[in-house]
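First up is the structure itself, then whatever we jot down about it.
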There are 2 protein chains.
Amino acid sequence: MKQDLRIIKTKDSLRHALLALLKQKPLETITIAELCRDANINRGTFYLHYKEVHEVFKEYLEVIVEDLKISYEEPYYKTNYHIQHLEADMIKIFHHVKKYKDFYQIIFDERIPMMYYYLLFDTVRSFMKESLGQHFELDHGVQLDYLISYQTNAILGMLIEWHRHGYETSIHDLNQHLITILSINSHFRKM
Amino acid sequence: MKQDLRIIKTKDSLRHALLALLKQKPLETITIAELCRDANINRGTFYLHYKEVHEVFKEYLEVIVEDLKISYEEPYYKTNYHIQHLEADMIKIFHHVKKYKDFYQIIFDERIPMMYYYLLFDTVRSFMKESLGQHFELDHGVQLDYLISYQTNAILGMLIEWHRHGYETSIHDLNQHLITILSINSHFRKM
DNA sequence: ATAGATATTGAACATGTGTACAATAAAAAT
DNA sequence: ATTTTTATTGTACACATGTTCAATATCTAT
């Protein structure tokens with residue numbers, strides 16, 4: 001039992017119209033009325049499927065994030081947990097963000113709701129959990145939760161910085177920075 | 001040359017009305033019209049000072065963040081950079097967030113724009129810069145930028161996790177988790 | 001191909017948004 | 001105390017929001 005064709009057509013029209021509008025103006029300035037006019041969809045119909053413009057955009061983002069998941073699943077030589085492993089994973093994320101730079105510029109915009117950030121956070125977090133979860137046998141699940149969120153958001157912190165630098169830092173440099181950071185952190189306790 | 005008394009009165013009314021409304025309904029559902037009715041301020045007057053309800057809330061948050069800055073400036077025994085130093089700073093942040101839990105619950109809400117997160121991020125980042133900047137002489141300023149944002153957002157990752165746990169984790173436990181995490185990170189390269 | 005199910009439409013309504021402008025009130029400056 | 005400056009008000013307007021409902025169009029199931 002698949003989805004009604006009319007619904008698919010409606011959603012397609014809205015998605016298509018949104019993409020076209022995003023080339024002209026920022027997401028936050030696009031109104032439901034405007035989007036529906038461009039998509040030739042009755043405004044009432046919009047409310048049958050969405051509550052706000054953000055939900056249309058979020059469907060896009062979910063496809064994009066799916067692409068990140070797929071690229072993450074790509075097999076590569078996985079030994080036990082070690083630093084190279086983590087770096088390899090993170091490079092994939094950098095490549096992904098670069099590939100969809102236009103979207104991530106929107107996601108990291110000040111005016112945009114946190115929901116998109118959390119979508120990215122949860123995705124990267126699931127990778128991080130996979131990486132860390134196998135290798136640390138912590139007594140309390142809560143403690144592991146904090147570790148995973150700590151590491152995940154640290155990476156997103158680099159993405160925020162990347163965003164603020166206008167995505168001008170090369171992926172190679174970004175990776176070098178990450179290696180340096182991990183190296184510095186590993187010496188903290190020795191100081 | 002200080003601010004016109006009428007402006008102060010207007011802003012005070014709006015702030016007061018917003019606080020009262022926040023006890024009844026979420027920030028995202030409060031309209032400008034509603035806020036102005038409660039504050040006995042003409043809606044046109046609102047637009048002379050603000051563009052959206054968020055800006056009124058942001059003025060609150062700026063006061064709150066100021067409180068964090070002050071608590072951070074509190075003198076304590078500062079040796080050279082070492083892990084205890086960092087931990088002491090972070091505990092202050094945990095206490096601060098706990099103190100203003102009601103506000104941070106709003107700030108970490110999915111529907112709320114990133115601007116509040118960035119306000120917190122930039123504040124904590126300035127602390128982190130102070131802590132790290134003195135102790136690392138990195139050639140490239142950019143590299144230091146990434147390190148600082150990495151470390152800053154890692155801490156905010158713990159706050160996100162705290163938020164998701166309904167702020168039920170005690171500050172003591174939170175600090176224990178942080179110590180464990182830093183300890184784990186320092187052993188990464190040895191694996 | 002037809003019947004039944006349901007998505008879409010258009011119209012209407014109360015309310016919110018963002019802006020403009022002259023009239024007024026309240027502040028600052030003298 | 002009076003003048004000057006400026007913040008606030010009330011009104012108006014075009015457009016957006018969120019919801020309702022009967023009429024219609026389009027899809028699914030048979």
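In the structure tokens, chains take the letters A, B, ... in the order shown, each chain's residues start at 1, and ligands count up from 1 in the order shown.
All residues of protein, DNA or RNA that reach within 9 Å of DT30 in chain C, judged by only C-alpha atoms (C1' of nucleotides) and not counting those fewer than 5 positions away in the chain, are D:DT2, D:DT3, D:DT4.
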Go ahead and save the residues from that selection, with C-alpha atoms (C1' of nucleotides), as a PDB file, in the first residue's frame.
ATOM      1  C1'  DT D   2       9.266  77.524  27.423  1.00  0.00           C
ATOM      2  C1'  DT D   3      10.985  75.610  23.324  1.00  0.00           C
ATOM      3  C1'  DT D   4      12.655  71.901  20.801  1.00  0.00           C
TER       4       DT D   4
END
Inset, instruction - For Leu61 in chain A, please output as a PyMOL selection string all residues within 10 Å (counting only C-alpha atoms (C1' of nucleotides); exclusion window: fewer than 5 positions along the same chain). - result: chain A and resi 55-56+66-67+100+103-104+107+116+119-120
Legend entry - Distance filter 12 Å, only C-alpha atoms (C1' of nucleotides), chain C against chain B, as a list in words: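 Selected residues: DT15, DG16, DT17, DG18, DT19, DA20, DC21, DA25, DA26, DA27, DA28 and DA29 of chain C.
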Legend entry - Check: which chain D residues lie within 12 Å of chain A using only C-alpha atoms (C1' of nucleotides), as a list in words: DC15, DA16, DT17, DG18, DT19, DT20, DC21, DA25, DT26, DC27, DT28 and DA29 of chain D
Writer output for current selection, N, CA and C atoms (P, O5', C5', C4', C3', O3' and C1' of nucleotides), as a compact mmCIF listing (two decimals), in the first residue's frame:
# COMPACT_ATOMS: atom_id res chain seq x y z
P DC D 15 -1.16 43.29 -1.79
O5' DC D 15 -0.67 42.17 -0.77
C5' DC D 15 0.64 42.28 -0.21
C4' DC D 15 0.73 41.42 1.03
C3' DC D 15 0.38 39.93 0.81
O3' DC D 15 1.51 39.16 1.13
C1' DC D 15 -0.56 40.78 2.81
P DA D 16 1.54 37.59 0.99
O5' DA D 16 1.46 37.12 2.51
C5' DA D 16 2.52 37.45 3.40
C4' DA D 16 2.31 36.73 4.72
C3' DA D 16 2.01 35.23 4.60
O3' DA D 16 2.76 34.55 5.60
C1' DA D 16 0.24 36.31 5.75
P DT D 17 2.62 32.99 5.80
O5' DT D 17 1.54 32.89 6.96
C5' DT D 17 1.78 33.53 8.20
C4' DT D 17 0.74 33.08 9.21
C3' DT D 17 0.45 31.57 9.22
O3' DT D 17 0.52 31.15 10.56
C1' DT D 17 -1.56 32.79 9.04
P DG D 18 0.86 29.58 10.87
O5' DG D 18 -0.59 28.99 11.20
C5' DG D 18 -1.31 29.57 12.27
C4' DG D 18 -2.76 29.14 12.21
C3' DG D 18 -3.00 27.66 11.85
O3' DG D 18 -3.87 27.14 12.83
C1' DG D 18 -4.37 29.05 10.55
P DT D 19 -4.15 25.52 12.90
O5' DT D 19 -5.72 25.44 12.61
C5' DT D 19 -6.57 26.40 13.20
C4' DT D 19 -7.86 26.53 12.42
C3' DT D 19 -8.46 25.21 11.93
O3' DT D 19 -9.56 24.88 12.76
C1' DT D 19 -8.71 27.01 10.36
P DT D 20 -10.40 23.50 12.57
O5' DT D 20 -11.64 23.95 11.65
C5' DT D 20 -12.40 25.10 11.98
C4' DT D 20 -13.43 25.35 10.88
C3' DT D 20 -14.10 24.07 10.36
O3' DT D 20 -15.50 24.17 10.51
C1' DT D 20 -13.33 25.45 8.56
P DC D 21 -16.49 22.88 10.34
O5' DC D 21 -16.97 23.00 8.82
C5' DC D 21 -17.57 24.21 8.36
C4' DC D 21 -17.87 24.10 6.88
C3' DC D 21 -18.27 22.68 6.43
O3' DC D 21 -19.49 22.71 5.73
C1' DC D 21 -16.52 23.56 5.06
P DA D 25 -14.58 19.39 -11.23
O5' DA D 25 -13.22 18.67 -10.84
C5' DA D 25 -12.17 19.41 -10.25
C4' DA D 25 -11.05 18.46 -9.81
C3' DA D 25 -10.65 17.44 -10.88
O3' DA D 25 -9.23 17.44 -10.95
C1' DA D 25 -11.25 16.33 -8.85
P DT D 26 -8.44 16.63 -12.08
O5' DT D 26 -7.88 15.39 -11.27
C5' DT D 26 -7.20 15.62 -10.04
C4' DT D 26 -7.05 14.32 -9.29
C3' DT D 26 -6.61 13.13 -10.17
O3' DT D 26 -5.41 12.63 -9.63
C1' DT D 26 -8.37 12.51 -8.74
P DC D 27 -4.49 11.57 -10.46
O5' DC D 27 -4.53 10.30 -9.50
C5' DC D 27 -3.97 10.40 -8.20
C4' DC D 27 -4.64 9.41 -7.28
C3' DC D 27 -4.36 7.94 -7.64
O3' DC D 27 -3.53 7.36 -6.65
C1' DC D 27 -6.67 8.31 -7.11
P DT D 28 -3.03 5.80 -6.86
O5' DT D 28 -4.18 4.96 -6.15
C5' DT D 28 -4.57 5.28 -4.82
C4' DT D 28 -5.55 4.23 -4.31
C3' DT D 28 -5.17 2.78 -4.61
O3' DT D 28 -5.40 2.01 -3.45
C1' DT D 28 -7.32 3.27 -5.52
P DA D 29 -5.06 0.42 -3.44
O5' DA D 29 -6.51 -0.25 -3.55
C5' DA D 29 -7.63 0.41 -2.98
C4' DA D 29 -8.89 -0.43 -3.21
C3' DA D 29 -8.66 -1.91 -3.45
O3' DA D 29 -9.75 -2.65 -2.89
C1' DA D 29 -9.67 -0.97 -5.37
Pick out the chain B residues within 6 Å of chain A. Count only C-alpha atoms. Give them as a short mmCIF file (atom, residue, chain, number, x, y, z; two decimals) with N, CA and C atoms, in the first residue's frame.
data_model
loop_
_atom_site.label_atom_id
_atom_site.label_comp_id
_atom_site.auth_asym_id
_atom_site.auth_seq_id
_atom_site.Cartn_x
_atom_site.Cartn_y
_atom_site.Cartn_z
N HIS B 82 46.49 23.56 33.21
CA HIS B 82 46.42 22.12 33.46
C HIS B 82 44.96 21.74 33.61
N GLU B 110 14.10 22.77 20.16
CA GLU B 110 14.22 22.53 18.73
C GLU B 110 13.75 23.68 17.85
N ARG B 111 12.70 24.34 18.31
CA ARG B 111 12.06 25.34 17.45
C ARG B 111 12.75 26.70 17.51
N ILE B 112 13.64 26.86 18.48
CA ILE B 112 14.28 28.16 18.71
C ILE B 112 15.45 28.39 17.76
N PRO B 113 15.60 29.61 17.25
CA PRO B 113 16.70 29.89 16.31
C PRO B 113 18.07 29.72 16.95
N MET B 114 19.04 29.46 16.10
CA MET B 114 20.42 29.20 16.52
C MET B 114 21.06 30.38 17.25
N MET B 115 20.51 31.56 17.10
CA MET B 115 21.15 32.76 17.64
C MET B 115 21.49 32.65 19.12
N GLN B 143 44.35 27.81 12.89
CA GLN B 143 44.44 26.52 13.57
C GLN B 143 43.96 26.65 15.03
N TYR B 146 40.17 26.78 15.29
CA TYR B 146 39.52 25.47 15.22
C TYR B 146 39.65 24.73 16.54
N LEU B 147 40.80 24.82 17.15
CA LEU B 147 41.01 24.17 18.44
C LEU B 147 40.03 24.72 19.49
N SER B 149 37.17 26.33 19.04
CA SER B 149 35.77 25.99 18.74
C SER B 149 35.48 24.51 19.00
N TYR B 150 36.49 23.68 18.75
CA TYR B 150 36.36 22.25 19.04
C TYR B 150 36.11 22.04 20.52
N ASN B 153 32.68 23.69 21.78
CA ASN B 153 31.46 22.99 21.42
C ASN B 153 31.37 21.61 22.08
N ALA B 154 32.52 21.05 22.40
CA ALA B 154 32.51 19.78 23.13
C ALA B 154 31.78 19.95 24.47
N GLY B 157 28.26 20.28 23.98
CA GLY B 157 27.70 18.95 23.72
C GLY B 157 27.24 18.29 25.01
N MET B 158 28.01 18.50 26.05
CA MET B 158 27.60 17.96 27.36
C MET B 158 26.32 18.66 27.83
N HIS B 177 31.93 12.94 34.88
CA HIS B 177 31.90 12.50 33.48
C HIS B 177 32.96 13.26 32.67
N ILE B 181 36.01 11.75 30.59
CA ILE B 181 36.14 12.00 29.16
C ILE B 181 37.53 12.53 28.83
N ASN B 185 40.30 10.73 26.47
CA ASN B 185 40.90 11.38 25.32
C ASN B 185 42.41 11.40 25.39
N SER B 186 42.93 11.49 26.60
CA SER B 186 44.37 11.56 26.73
C SER B 186 45.03 10.21 26.44
N MET B 191 46.34 3.86 21.92
CA MET B 191 45.68 2.60 21.57
C MET B 191 46.13 2.07 20.22
#
Inset, instruction - Write down as a ChimeraX atom specification the residues belonging to range 18-106 of chain A that are assigned helix (DSSP H, G or I) by DSSP computed on the backbone. - result: /A:18-22,27-29,32-39,43-49,53-73,83-99,101-106
Dump C-alpha atoms for the selected residues as a short mmCIF file (atom, residue, chain, number, x, y, z; two decimals), in the first residue's frame?
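Just written: selection_37.cif:
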data_model
loop_
_atom_site.label_atom_id
_atom_site.label_comp_id
_atom_site.auth_asym_id
_atom_site.auth_seq_id
_atom_site.Cartn_x
_atom_site.Cartn_y
_atom_site.Cartn_z
CA LEU A 18 11.17 25.76 -2.39
CA LEU A 19 14.42 24.90 -4.13
CA ALA A 20 13.74 27.56 -6.75
CA LEU A 21 12.92 30.14 -4.11
CA LEU A 22 16.04 29.35 -2.10
CA LEU A 27 14.76 30.41 3.91
CA GLU A 28 13.48 32.56 6.75
CA THR A 29 11.88 35.06 4.39
CA ILE A 32 3.80 29.63 3.08
CA ALA A 33 1.58 31.73 0.83
CA GLU A 34 4.47 32.52 -1.50
CA LEU A 35 5.61 28.91 -1.63
CA CYS A 36 2.10 27.69 -2.45
CA ARG A 37 1.62 30.26 -5.19
CA ASP A 38 4.85 29.19 -6.86
CA ALA A 39 4.00 25.51 -6.47
CA ARG A 43 -2.62 26.98 0.73
CA GLY A 44 -5.10 24.82 2.57
CA THR A 45 -3.53 21.76 0.97
CA PHE A 46 -0.16 22.79 2.40
CA TYR A 47 -1.57 22.56 5.90
CA LEU A 48 -2.77 19.01 5.21
CA HIS A 49 0.88 17.94 4.98
CA VAL A 53 8.01 25.93 5.49
CA HIS A 54 10.74 24.38 7.61
CA GLU A 55 9.16 20.98 7.38
CA VAL A 56 9.48 21.01 3.60
CA PHE A 57 13.14 21.93 3.89
CA LYS A 58 13.65 19.30 6.54
CA GLU A 59 12.54 16.59 4.12
CA TYR A 60 15.34 17.72 1.84
CA LEU A 61 17.81 17.69 4.63
CA GLU A 62 16.78 14.18 5.59
CA VAL A 63 17.71 13.03 2.10
CA ILE A 64 21.04 14.82 2.37
CA VAL A 65 21.76 13.33 5.77
CA GLU A 66 20.86 9.95 4.32
CA ASP A 67 23.68 10.49 1.86
CA LEU A 68 26.02 11.08 4.79
CA LYS A 69 24.88 7.83 6.38
CA ILE A 70 25.50 5.92 3.17
CA SER A 71 28.97 7.36 2.74
CA TYR A 72 29.67 6.45 6.32
CA GLU A 73 28.67 2.86 5.76
CA ILE A 83 42.84 7.55 16.03
CA GLN A 84 43.18 6.94 12.31
CA HIS A 85 39.80 5.31 12.34
CA LEU A 86 38.18 8.37 13.84
CA GLU A 87 39.98 10.69 11.49
CA ALA A 88 38.83 8.72 8.47
CA ASP A 89 35.25 9.01 9.66
CA MET A 90 35.52 12.72 10.24
CA ILE A 91 37.02 13.36 6.85
CA LYS A 92 33.91 11.81 5.37
CA ILE A 93 31.82 14.32 7.27
CA PHE A 94 33.94 17.20 6.04
CA HIS A 95 33.57 16.02 2.47
CA HIS A 96 29.84 15.65 2.92
CA VAL A 97 29.40 19.16 4.32
CA LYS A 98 31.53 20.60 1.54
CA LYS A 99 29.45 18.75 -1.04
CA LYS A 101 27.75 23.52 1.36
CA ASP A 102 24.74 25.48 0.14
CA PHE A 103 22.49 23.59 2.54
CA TYR A 104 24.81 23.72 5.50
CA GLN A 105 25.16 27.46 5.06
CA ILE A 106 21.43 27.60 5.70
#
Legend entry - Long-range neighbours of DT24 in chain C as a count of residues only, 12 Å cut-off, only C-alpha atoms (C1' of nucleotides), 2 positions minimum in chain: 7
Inset, instruction - Calculate how many Å separate C1' of DT11 in chain D from CA of Ile41 in chain B, rounding to one decimal. - result: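 Calculated distance between C1' of DT11 in chain D and CA of Ile41 in chain B is 15.4 Å.
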